[in-house]
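Structure file final-v4.cif; described as mmCIF, C-alpha atoms.
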```
data_model
#
loop_
_atom_site.group_PDB
_atom_site.id
_atom_site.type_symbol
_atom_site.label_atom_id
_atom_site.label_comp_id
_atom_site.auth_asym_id
_atom_site.auth_seq_id
_atom_site.Cartn_x
_atom_site.Cartn_y
_atom_site.Cartn_z
ATOM 1 C CA MET A 1 139.737 188.169 97.012
ATOM 2 C CA GLN A 2 142.355 188.199 94.259
ATOM 3 C CA GLN A 3 145.857 187.132 95.303
ATOM 4 C CA LYS A 4 148.680 189.555 94.662
ATOM 5 C CA SER A 5 151.660 188.373 92.623
ATOM 6 C CA ILE A 6 155.328 189.416 92.526
ATOM 7 C CA SER A 7 156.574 186.487 90.422
ATOM 8 C CA GLY A 8 157.375 188.501 87.307
ATOM 9 C CA LYS A 9 155.875 185.668 85.252
ATOM 10 C CA ALA A 10 152.383 184.583 84.368
ATOM 11 C CA ILE A 11 152.019 181.790 86.898
ATOM 12 C CA SER A 12 148.329 181.279 86.333
ATOM 13 C CA LYS A 13 149.130 178.404 83.939
ATOM 14 C CA ALA A 14 151.614 176.747 86.307
ATOM 15 C CA ILE A 15 150.703 173.684 88.315
ATOM 16 C CA THR A 16 151.262 173.264 92.040
ATOM 17 C CA THR A 17 152.395 170.344 94.174
ATOM 18 C CA GLU A 18 148.721 169.743 94.912
ATOM 19 C CA ASP A 19 148.264 168.918 91.230
ATOM 20 C CA ILE A 20 150.924 166.211 91.482
ATOM 21 C CA LEU A 21 150.719 164.646 94.940
ATOM 22 C CA GLY A 22 148.297 161.786 95.361
ATOM 23 C CA LYS A 23 147.873 161.242 91.629
ATOM 24 C CA ASP A 24 148.203 157.824 90.006
ATOM 25 C CA VAL A 25 151.414 157.253 88.068
ATOM 26 C CA ILE A 26 150.898 155.346 84.808
ATOM 27 C CA ASP A 27 153.755 154.030 82.660
ATOM 28 C CA ALA A 28 154.051 154.013 78.853
ATOM 29 C CA GLU A 29 152.195 150.710 78.700
ATOM 30 C CA GLY A 30 149.252 151.916 80.718
ATOM 31 C CA ALA A 31 150.337 150.025 83.827
ATOM 32 C CA PHE A 32 149.601 151.542 87.224
ATOM 33 C CA ILE A 33 152.926 152.130 89.006
ATOM 34 C CA GLY A 34 151.795 153.777 92.218
ATOM 35 C CA VAL A 35 150.803 157.112 93.692
ATOM 36 C CA ALA A 36 152.950 160.278 93.616
ATOM 37 C CA GLU A 37 153.956 161.022 97.181
ATOM 38 C CA LYS A 38 156.824 163.550 96.974
ATOM 39 C CA VAL A 39 158.031 166.235 94.615
ATOM 40 C CA PHE A 40 161.775 166.823 94.388
ATOM 41 C CA ILE A 41 163.192 170.297 93.828
ATOM 42 C CA ASP A 42 166.858 171.083 93.206
ATOM 43 C CA PRO A 43 167.988 173.269 96.146
ATOM 44 C CA LYS A 44 170.396 175.300 93.990
ATOM 45 C CA ILE A 45 168.541 176.002 90.784
ATOM 46 C CA LEU A 46 165.113 175.582 92.417
ATOM 47 C CA ASP A 47 164.002 173.472 89.490
ATOM 48 C CA PHE A 48 161.616 170.504 89.603
ATOM 49 C CA ILE A 49 163.732 167.344 89.230
ATOM 50 C CA GLY A 50 161.416 164.419 89.814
ATOM 51 C CA ILE A 51 158.831 162.610 91.885
ATOM 52 C CA SER A 52 158.744 159.802 94.385
ATOM 53 C CA VAL A 53 156.152 157.080 93.898
ATOM 54 C CA ASP A 54 154.537 155.088 96.668
ATOM 55 C CA LYS A 55 153.964 151.553 95.408
ATOM 56 C CA GLY A 56 152.004 150.299 98.373
ATOM 57 C CA LEU A 57 152.809 148.569 101.630
ATOM 58 C CA ILE A 58 154.648 145.545 100.273
ATOM 59 C CA ARG A 59 156.718 147.037 97.457
ATOM 60 C CA SER A 60 159.468 149.584 97.983
ATOM 61 C CA GLY A 61 159.007 153.085 96.614
ATOM 62 C CA LEU A 62 160.474 154.469 93.420
ATOM 63 C CA THR A 63 162.012 157.783 92.411
ATOM 64 C CA ILE A 64 161.425 158.969 88.862
ATOM 65 C CA GLY A 65 163.375 161.781 87.200
ATOM 66 C CA LYS A 66 161.477 164.521 85.355
ATOM 67 C CA SER A 67 162.939 163.477 81.981
ATOM 68 C CA TYR A 68 160.874 160.290 82.217
ATOM 69 C CA ILE A 69 157.603 162.149 82.791
ATOM 70 C CA ASP A 70 155.468 162.546 79.687
ATOM 71 C CA LYS A 71 152.625 164.662 81.039
ATOM 72 C CA ILE A 72 150.818 165.599 84.205
ATOM 73 C CA ALA A 73 147.138 165.191 83.398
ATOM 74 C CA ASP A 74 144.055 165.994 85.468
ATOM 75 C CA HIS A 75 143.786 162.536 86.976
ATOM 76 C CA ALA A 76 147.217 160.934 86.542
ATOM 77 C CA ILE A 77 150.877 161.363 85.743
ATOM 78 C CA PHE A 78 151.906 159.622 82.536
ATOM 79 C CA LEU A 79 155.464 158.356 82.057
ATOM 80 C CA LYS A 80 157.359 158.122 78.759
ATOM 81 C CA ILE A 81 158.855 154.818 79.765
ATOM 82 C CA ARG A 82 158.021 151.423 80.998
ATOM 83 C CA VAL A 83 159.628 151.083 84.438
ATOM 84 C CA VAL A 84 162.195 148.282 84.199
ATOM 85 C CA TYR A 85 161.846 147.435 87.891
ATOM 86 C CA ASP A 86 158.448 146.009 86.975
ATOM 87 C CA ILE A 87 160.212 143.065 85.330
ATOM 88 C CA LYS A 88 160.680 141.594 88.825
ATOM 89 C CA GLY A 89 158.525 138.546 89.397
ATOM 90 C CA LYS A 90 157.931 137.926 85.686
ATOM 91 C CA LEU A 91 158.368 134.502 84.136
ATOM 92 C CA VAL A 92 161.299 134.042 81.767
ATOM 93 C CA PHE A 93 161.098 131.720 78.762
ATOM 94 C CA ASP A 94 163.970 130.765 76.483
ATOM 95 C CA LYS A 95 163.936 131.059 72.670
ATOM 96 C CA ASP A 96 162.068 127.740 72.421
ATOM 97 C CA GLY A 97 159.438 128.686 74.973
ATOM 98 C CA LYS A 98 160.901 126.603 77.782
ATOM 99 C CA LYS A 99 160.503 128.100 81.256
ATOM 100 C CA VAL A 100 163.865 129.251 82.650
ATOM 101 C CA GLY A 101 162.817 130.900 85.899
ATOM 102 C CA ILE A 102 161.435 133.996 87.578
ATOM 103 C CA VAL A 103 163.160 137.389 87.689
ATOM 104 C CA SER A 104 164.352 137.887 91.259
ATOM 105 C CA SER A 105 166.440 141.044 90.894
ATOM 106 C CA ILE A 106 167.955 143.358 88.293
ATOM 107 C CA ASP A 107 171.055 145.473 87.698
ATOM 108 C CA LEU A 108 170.591 148.860 86.078
ATOM 109 C CA ARG A 109 173.004 150.845 83.932
ATOM 110 C CA GLY A 110 174.084 153.828 86.034
ATOM 111 C CA GLY A 111 170.762 154.384 87.774
ATOM 112 C CA LYS A 112 168.999 154.853 84.441
ATOM 113 C CA ASN A 113 165.937 152.977 83.253
ATOM 114 C CA LYS A 114 168.111 150.503 81.326
ATOM 115 C CA ILE A 115 168.724 146.867 82.195
ATOM 116 C CA LYS A 116 172.292 145.629 82.546
ATOM 117 C CA ASN A 117 171.603 142.141 83.917
ATOM 118 C CA ILE A 118 168.622 140.256 85.242
ATOM 119 C CA TYR A 119 168.929 137.578 87.911
ATOM 120 C CA LEU A 120 166.617 134.591 87.803
ATOM 121 C CA LYS A 121 165.507 132.145 90.403
ATOM 122 C CA PRO A 122 165.774 128.960 88.304
ATOM 123 C CA ASN A 123 162.847 126.723 87.505
ATOM 124 C CA PHE A 124 162.922 123.704 89.856
ATOM 125 C CA ARG A 125 163.362 121.335 86.898
ATOM 126 C CA LEU A 126 166.618 123.009 85.922
ATOM 127 C CA PHE A 127 168.611 121.306 88.656
ATOM 128 C CA PHE A 128 171.934 122.001 86.906
ATOM 129 C CA PHE A 129 171.586 125.684 87.816
ATOM 130 C CA ARG A 130 172.396 125.665 91.498
ATOM 131 C CA GLU A 131 172.493 129.395 92.019
ATOM 132 C CA LYS A 132 170.825 132.377 90.471
ATOM 133 C CA ILE A 133 171.023 132.616 86.689
ATOM 134 C CA VAL A 134 172.510 135.852 85.386
ATOM 135 C CA ILE A 135 171.104 137.017 82.050
ATOM 136 C CA PRO A 136 172.720 140.015 80.339
ATOM 137 C CA GLU A 137 170.480 142.511 78.583
ATOM 138 C CA GLU A 138 171.574 141.355 75.084
ATOM 139 C CA TYR A 139 169.944 137.949 75.662
ATOM 140 C CA ILE A 140 166.509 139.498 76.176
ATOM 141 C CA ALA A 141 164.375 139.339 73.039
ATOM 142 C CA ASN A 142 161.092 140.711 74.322
ATOM 143 C CA ILE A 143 159.541 142.018 77.506
ATOM 144 C CA GLY A 144 155.784 142.020 77.784
ATOM 145 C CA GLU A 145 153.564 140.231 80.242
ATOM 146 C CA ASN A 146 156.609 137.939 80.690
ATOM 147 C CA VAL A 147 160.137 137.813 79.267
ATOM 148 C CA ILE A 148 161.339 135.913 76.204
ATOM 149 C CA LEU A 149 165.068 135.359 75.605
ATOM 150 C CA ASN A 150 166.861 135.062 72.269
ATOM 151 C CA VAL A 151 168.954 132.092 73.485
ATOM 152 C CA THR A 152 168.106 128.560 74.548
ATOM 153 C CA ILE A 153 168.689 127.043 77.991
ATOM 154 C CA SER A 154 171.549 124.971 76.579
ATOM 155 C CA ASP A 155 173.225 128.195 75.387
ATOM 156 C CA LEU A 156 173.001 129.511 78.950
ATOM 157 C CA THR A 157 174.608 126.413 80.455
ATOM 158 C CA LYS A 158 177.504 126.660 77.993
ATOM 159 C CA LYS A 159 178.305 130.210 79.087
ATOM 160 C CA MET B 1 166.342 103.049 69.184
ATOM 161 C CA LYS B 2 167.707 102.174 65.760
ATOM 162 C CA GLU B 3 167.688 104.935 63.219
ATOM 163 C CA PRO B 4 164.814 104.368 60.784
ATOM 164 C CA HIS B 5 165.173 104.085 57.033
ATOM 165 C CA SER B 6 164.530 107.380 55.324
ATOM 166 C CA ILE B 7 162.665 107.602 52.034
ATOM 167 C CA LEU B 8 162.876 111.226 50.999
ATOM 168 C CA LYS B 9 162.889 113.251 47.817
ATOM 169 C CA ALA B 10 163.487 116.910 48.656
ATOM 170 C CA GLU B 11 162.151 116.928 52.201
ATOM 171 C CA ARG B 12 164.051 117.714 55.427
ATOM 172 C CA SER B 13 165.701 114.852 57.262
ATOM 173 C CA LEU B 14 163.970 113.307 60.292
ATOM 174 C CA LYS B 15 166.292 115.126 62.738
ATOM 175 C CA LYS B 16 165.326 118.496 61.335
ATOM 176 C CA THR B 17 161.600 117.998 61.871
ATOM 177 C CA ILE B 18 159.360 118.265 64.944
ATOM 178 C CA ASN B 19 157.167 115.493 66.309
ATOM 179 C CA LEU B 20 153.731 117.113 66.357
ATOM 180 C CA LYS B 21 152.390 114.532 68.791
ATOM 181 C CA LYS B 22 154.800 115.888 71.415
ATOM 182 C CA LEU B 23 153.517 119.419 70.847
ATOM 183 C CA ILE B 24 150.006 118.605 72.050
ATOM 184 C CA GLY B 25 149.554 120.065 75.514
ATOM 185 C CA LYS B 26 152.535 122.404 75.156
ATOM 186 C CA ARG B 27 152.114 126.111 75.829
ATOM 187 C CA VAL B 28 151.378 128.904 73.384
ATOM 188 C CA LEU B 29 153.078 132.209 74.164
ATOM 189 C CA SER B 30 152.448 135.629 72.676
ATOM 190 C CA LYS B 31 155.241 137.898 71.433
ATOM 191 C CA GLY B 32 155.538 139.453 74.892
ATOM 192 C CA GLY B 33 155.425 136.128 76.733
ATOM 193 C CA THR B 34 151.758 136.095 77.720
ATOM 194 C CA ILE B 35 150.618 132.513 78.196
ATOM 195 C CA ILE B 36 147.736 132.133 75.737
ATOM 196 C CA GLY B 37 146.972 128.529 76.592
ATOM 197 C CA LYS B 38 147.903 124.977 75.700
ATOM 198 C CA ILE B 39 147.807 123.296 72.300
ATOM 199 C CA LEU B 40 144.773 121.082 71.835
ATOM 200 C CA GLU B 41 145.046 120.266 68.144
ATOM 201 C CA ILE B 42 147.443 120.876 65.268
ATOM 202 C CA ARG B 43 145.702 121.242 61.932
ATOM 203 C CA ILE B 44 147.160 120.604 58.488
ATOM 204 C CA SER B 45 145.810 121.398 55.039
ATOM 205 C CA PRO B 46 144.420 118.327 53.269
ATOM 206 C CA ILE B 47 145.450 119.878 49.927
ATOM 207 C CA ASN B 48 149.115 120.806 50.327
ATOM 208 C CA LEU B 49 149.692 118.996 53.662
ATOM 209 C CA ASN B 50 151.170 122.142 55.180
ATOM 210 C CA LEU B 51 150.622 123.058 58.810
ATOM 211 C CA GLU B 52 147.743 125.552 58.834
ATOM 212 C CA GLY B 53 147.254 126.408 62.469
ATOM 213 C CA ILE B 54 146.789 125.315 66.053
ATOM 214 C CA LEU B 55 143.745 125.064 68.260
ATOM 215 C CA VAL B 56 144.377 126.460 71.729
ATOM 216 C CA ARG B 57 142.478 124.840 74.560
ATOM 217 C CA GLY B 58 139.709 126.891 76.137
ATOM 218 C CA SER B 59 138.057 126.593 79.514
ATOM 219 C CA ILE B 60 134.596 127.031 81.039
ATOM 220 C CA ILE B 61 135.048 130.795 80.888
ATOM 221 C CA LYS B 62 137.338 131.099 77.876
ATOM 222 C CA LYS B 63 136.530 130.026 74.338
ATOM 223 C CA SER B 64 139.094 127.925 72.509
ATOM 224 C CA MET B 65 141.123 129.789 69.885
ATOM 225 C CA TYR B 66 142.325 128.778 66.437
ATOM 226 C CA ILE B 67 145.545 130.561 65.461
ATOM 227 C CA GLY B 68 146.867 130.508 61.897
ATOM 228 C CA ARG B 69 150.504 129.731 61.179
ATOM 229 C CA SER B 70 151.183 133.189 59.734
ATOM 230 C CA TYR B 71 151.078 134.397 63.340
ATOM 231 C CA PHE B 72 153.756 131.905 64.443
ATOM 232 C CA SER B 73 157.179 133.262 65.210
ATOM 233 C CA ARG B 74 158.777 130.046 66.433
ATOM 234 C CA LEU B 75 157.746 126.439 66.744
ATOM 235 C CA SER B 76 159.811 124.174 68.970
ATOM 236 C CA ASP B 77 159.407 120.957 70.961
ATOM 237 C CA GLU B 78 158.505 123.075 73.975
ATOM 238 C CA ALA B 79 156.096 125.723 72.743
ATOM 239 C CA VAL B 80 154.678 127.847 69.981
ATOM 240 C CA ILE B 81 155.705 131.497 70.190
ATOM 241 C CA LEU B 82 153.536 133.951 68.286
ATOM 242 C CA ASN B 83 154.636 137.155 66.558
ATOM 243 C CA ILE B 84 151.628 139.082 67.896
ATOM 244 C CA GLU B 85 149.796 140.074 71.038
ATOM 245 C CA VAL B 86 146.334 138.563 70.701
ATOM 246 C CA PHE B 87 143.810 141.425 70.743
ATOM 247 C CA ILE B 88 140.885 139.236 71.719
ATOM 248 C CA LEU B 89 142.583 138.913 75.121
ATOM 249 C CA ILE B 90 142.201 142.611 75.937
ATOM 250 C CA LYS B 91 138.847 141.761 77.505
ATOM 251 C CA ASN B 92 138.671 142.928 81.140
ATOM 252 C CA LYS B 93 141.582 145.363 80.721
ATOM 253 C CA GLN B 94 141.199 148.820 82.225
ATOM 254 C CA VAL B 95 140.335 151.705 79.900
ATOM 255 C CA ILE B 96 142.051 155.003 80.720
ATOM 256 C CA ASP B 97 141.410 158.322 78.986
ATOM 257 C CA SER B 98 144.165 160.791 78.106
ATOM 258 C CA LYS B 99 143.643 162.599 81.418
ATOM 259 C CA GLY B 100 144.340 159.439 83.373
ATOM 260 C CA ARG B 101 140.754 158.834 84.386
ATOM 261 C CA VAL B 102 139.687 155.191 84.520
ATOM 262 C CA ILE B 103 136.511 155.030 82.474
ATOM 263 C CA GLY B 104 135.789 151.344 82.795
ATOM 264 C CA ARG B 105 136.808 147.892 81.672
ATOM 265 C CA VAL B 106 136.644 146.185 78.286
ATOM 266 C CA LYS B 107 133.570 143.964 78.248
ATOM 267 C CA GLU B 108 133.643 142.905 74.604
ATOM 268 C CA VAL B 109 136.118 143.107 71.741
ATOM 269 C CA VAL B 110 134.653 143.539 68.241
ATOM 270 C CA MET B 111 137.097 141.926 65.829
ATOM 271 C CA LYS B 112 137.575 142.745 62.129
ATOM 272 C CA GLY B 113 136.849 139.403 60.511
ATOM 273 C CA THR B 114 139.190 136.640 61.599
ATOM 274 C CA ARG B 115 142.417 138.664 61.583
ATOM 275 C CA ASN B 116 144.158 139.995 64.673
ATOM 276 C CA ASN B 117 142.639 143.478 64.210
ATOM 277 C CA PHE B 118 139.721 144.908 66.051
ATOM 278 C CA LYS B 119 137.000 147.423 65.166
ATOM 279 C CA GLY B 120 136.578 148.607 68.701
ATOM 280 C CA VAL B 121 135.690 147.664 72.222
ATOM 281 C CA TYR B 122 132.608 147.801 74.401
ATOM 282 C CA VAL B 123 133.422 149.341 77.755
ATOM 283 C CA ARG B 124 131.487 149.343 80.968
ATOM 284 C CA SER B 125 132.058 150.750 84.435
ATOM 285 C CA LEU B 126 130.201 150.190 87.687
ATOM 286 C CA PHE B 127 127.201 152.460 87.082
ATOM 287 C CA SER B 128 127.455 153.038 83.351
ATOM 288 C CA ARG B 129 125.830 151.352 80.413
ATOM 289 C CA LYS B 130 127.953 149.485 77.906
ATOM 290 C CA PHE B 131 129.327 151.930 75.333
ATOM 291 C CA PHE B 132 131.410 151.484 72.202
ATOM 292 C CA ILE B 133 134.884 152.945 71.612
ATOM 293 C CA PRO B 134 136.174 152.587 68.040
ATOM 294 C CA GLU B 135 139.749 151.468 67.402
ATOM 295 C CA SER B 136 140.549 154.859 65.827
ATOM 296 C CA GLU B 137 140.087 156.505 69.250
ATOM 297 C CA ILE B 138 142.535 154.165 70.983
ATOM 298 C CA GLU B 139 146.112 155.393 71.425
ATOM 299 C CA TYR B 140 147.627 152.072 72.471
ATOM 300 C CA VAL B 141 146.758 148.745 74.005
ATOM 301 C CA THR B 142 149.218 147.101 76.342
ATOM 302 C CA LYS B 143 148.545 146.573 80.015
ATOM 303 C CA SER B 144 145.602 148.949 79.744
ATOM 304 C CA VAL B 145 143.679 150.503 76.901
ATOM 305 C CA VAL B 146 144.733 154.155 76.698
ATOM 306 C CA LEU B 147 142.553 156.535 74.671
ATOM 307 C CA LYS B 148 143.583 159.404 72.410
ATOM 308 C CA THR B 149 143.556 163.003 73.649
ATOM 309 C CA LYS B 150 140.652 164.070 71.462
ATOM 310 C CA TYR B 151 138.329 161.331 72.634
ATOM 311 C CA HIS B 152 135.529 162.246 74.994
ATOM 312 C CA ALA B 153 133.780 159.180 76.296
ATOM 313 C CA THR B 154 130.028 159.279 75.835
ATOM 314 C CA LYS B 155 129.488 157.421 79.066
ATOM 315 C CA LYS B 156 125.846 157.014 80.036
ATOM 316 C CA TYR B 157 124.675 155.976 83.442
ATOM 317 C CA PHE B 158 121.951 153.387 83.724
ATOM 318 C CA TRP B 159 119.408 155.938 85.004
ATOM 319 C CA GLN B 160 119.875 158.079 81.874
ATOM 320 C CA SER B 161 117.588 157.479 78.897
ATOM 321 C CA ASN B 162 118.857 155.975 75.658
ATOM 322 C CA LYS B 163 118.189 159.137 73.598
#
```

Rewrite the coordinates I just gave you, this time as structure tokens.
Amino acid sequence: MQQKSISGKAISKAITTEDILGKDVIDAEGAFIGVAEKVFIDPKILDFIGISVDKGLIRSGLTIGKSYIDKIADHAIFLKIRVVYDIKGKLVFDKDGKKVGIVSSIDLRGGKNKIKNIYLKPNFRLFFFREKIVIPEEYIANIGENVILNVTISDLTKK
Amino acid sequence: MKEPHSILKAERSLKKTINLKKLIGKRVLSKGGTIIGKILEIRISPINLNLEGILVRGSIIKKSMYIGRSYFSRLSDEAVILNIEVFILIKNKQVIDSKGRVIGRVKEVVMKGTRNNFKGVYVRSLFSRKFFIPESEIEYVTKSVVLKTKYHATKKYFWQSNK
């Protein structure tokens, strides 16, 4: 039986929460982020504002604003960005390729997907770093499978 | 140790050079920090005596790899950092179509000659036969291989005929 409609708009092309929930979330690099578990709607303007992603039992969840969503496809939700939180646990090498440490935590710029600082657990050979190493965003040359800095370890000890 | 005598014409001084012997066994990193392997050999040209490339150690599973110096971004006492992501290493990465469907994993990479370009990849999933996806149908390759919107995978299951 055909459903009656009083929306005033052609909603046949719209998607529902069922089209979003439970779908895989894939970032701009093709990495699997997690599964969409919630849809957020602004209570005042009743507009869709983002999704919450379940990253599994061990890792804490993630909320992603709608401006970072590229498309909602049949089998997955594609993001426009690479989620900076994924940098956690990556190895960090200096300009010369020497291992500096592992990313233990990060600071973001105002809740956006931009790095302010990364904190490293130093490599055990770098005994002169007693505490966490703080690396500002401008020292990061490249982020891929791991992180490469544009400074050497000796530059970091000077600062 | 006493500083040695230098007999030079227009070459760099000893301090400004790198001891290649120390580089053997050091790591090779890609542009994005992927550990490619460890240096096994450093090769020089017998004609102009320039450094030509490095041989990266392989393993039982992995073939060794010879990388030309034009792909070097930085050479230090600690490592060689490349200016590329090595495409031959996309083997075993997941292949996702534009709808987000996982269509299989890369089983073979068909390279274009010896350069870091590829013609395409052979993909296979659990019940499918190996099928070829040309490079022109690939949107980007990073953590996974993501296909272009227009591409429709001609996946064939093993019980289907070859025709």

- Shell of 6 Å around segment 14-27 of chain A, only C-alpha atoms, local chain residues under 5 positions omitted, as a VMD selection string: chain A and resid 32 to 37 76 to 79 81 to 82

- Item | Exercise answer, chain B residues close to chain A, 6 Å and only C-alpha atoms, as JSON, numbers by chain | {"B": [32, 33, 34, 76, 78, 79, 99, 100, 101, 142, 143, 144]}

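Each of B:Lys148, B:Ser136, B:Ser45, B:Val106 was compared to Lys119 of chain B using all atoms listed in the file, and B:Ser136 turns out to be the nearest.
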
- Calculate how many Å separate atom CA of Gly104 of chain B from atom CA of Arg124 of chain B, rounding to one decimal. 5.1 Å

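From atom CA of Val123 of chain B back to atom CA of Lys91 of chain B, the distance works out to 9.3 Å.
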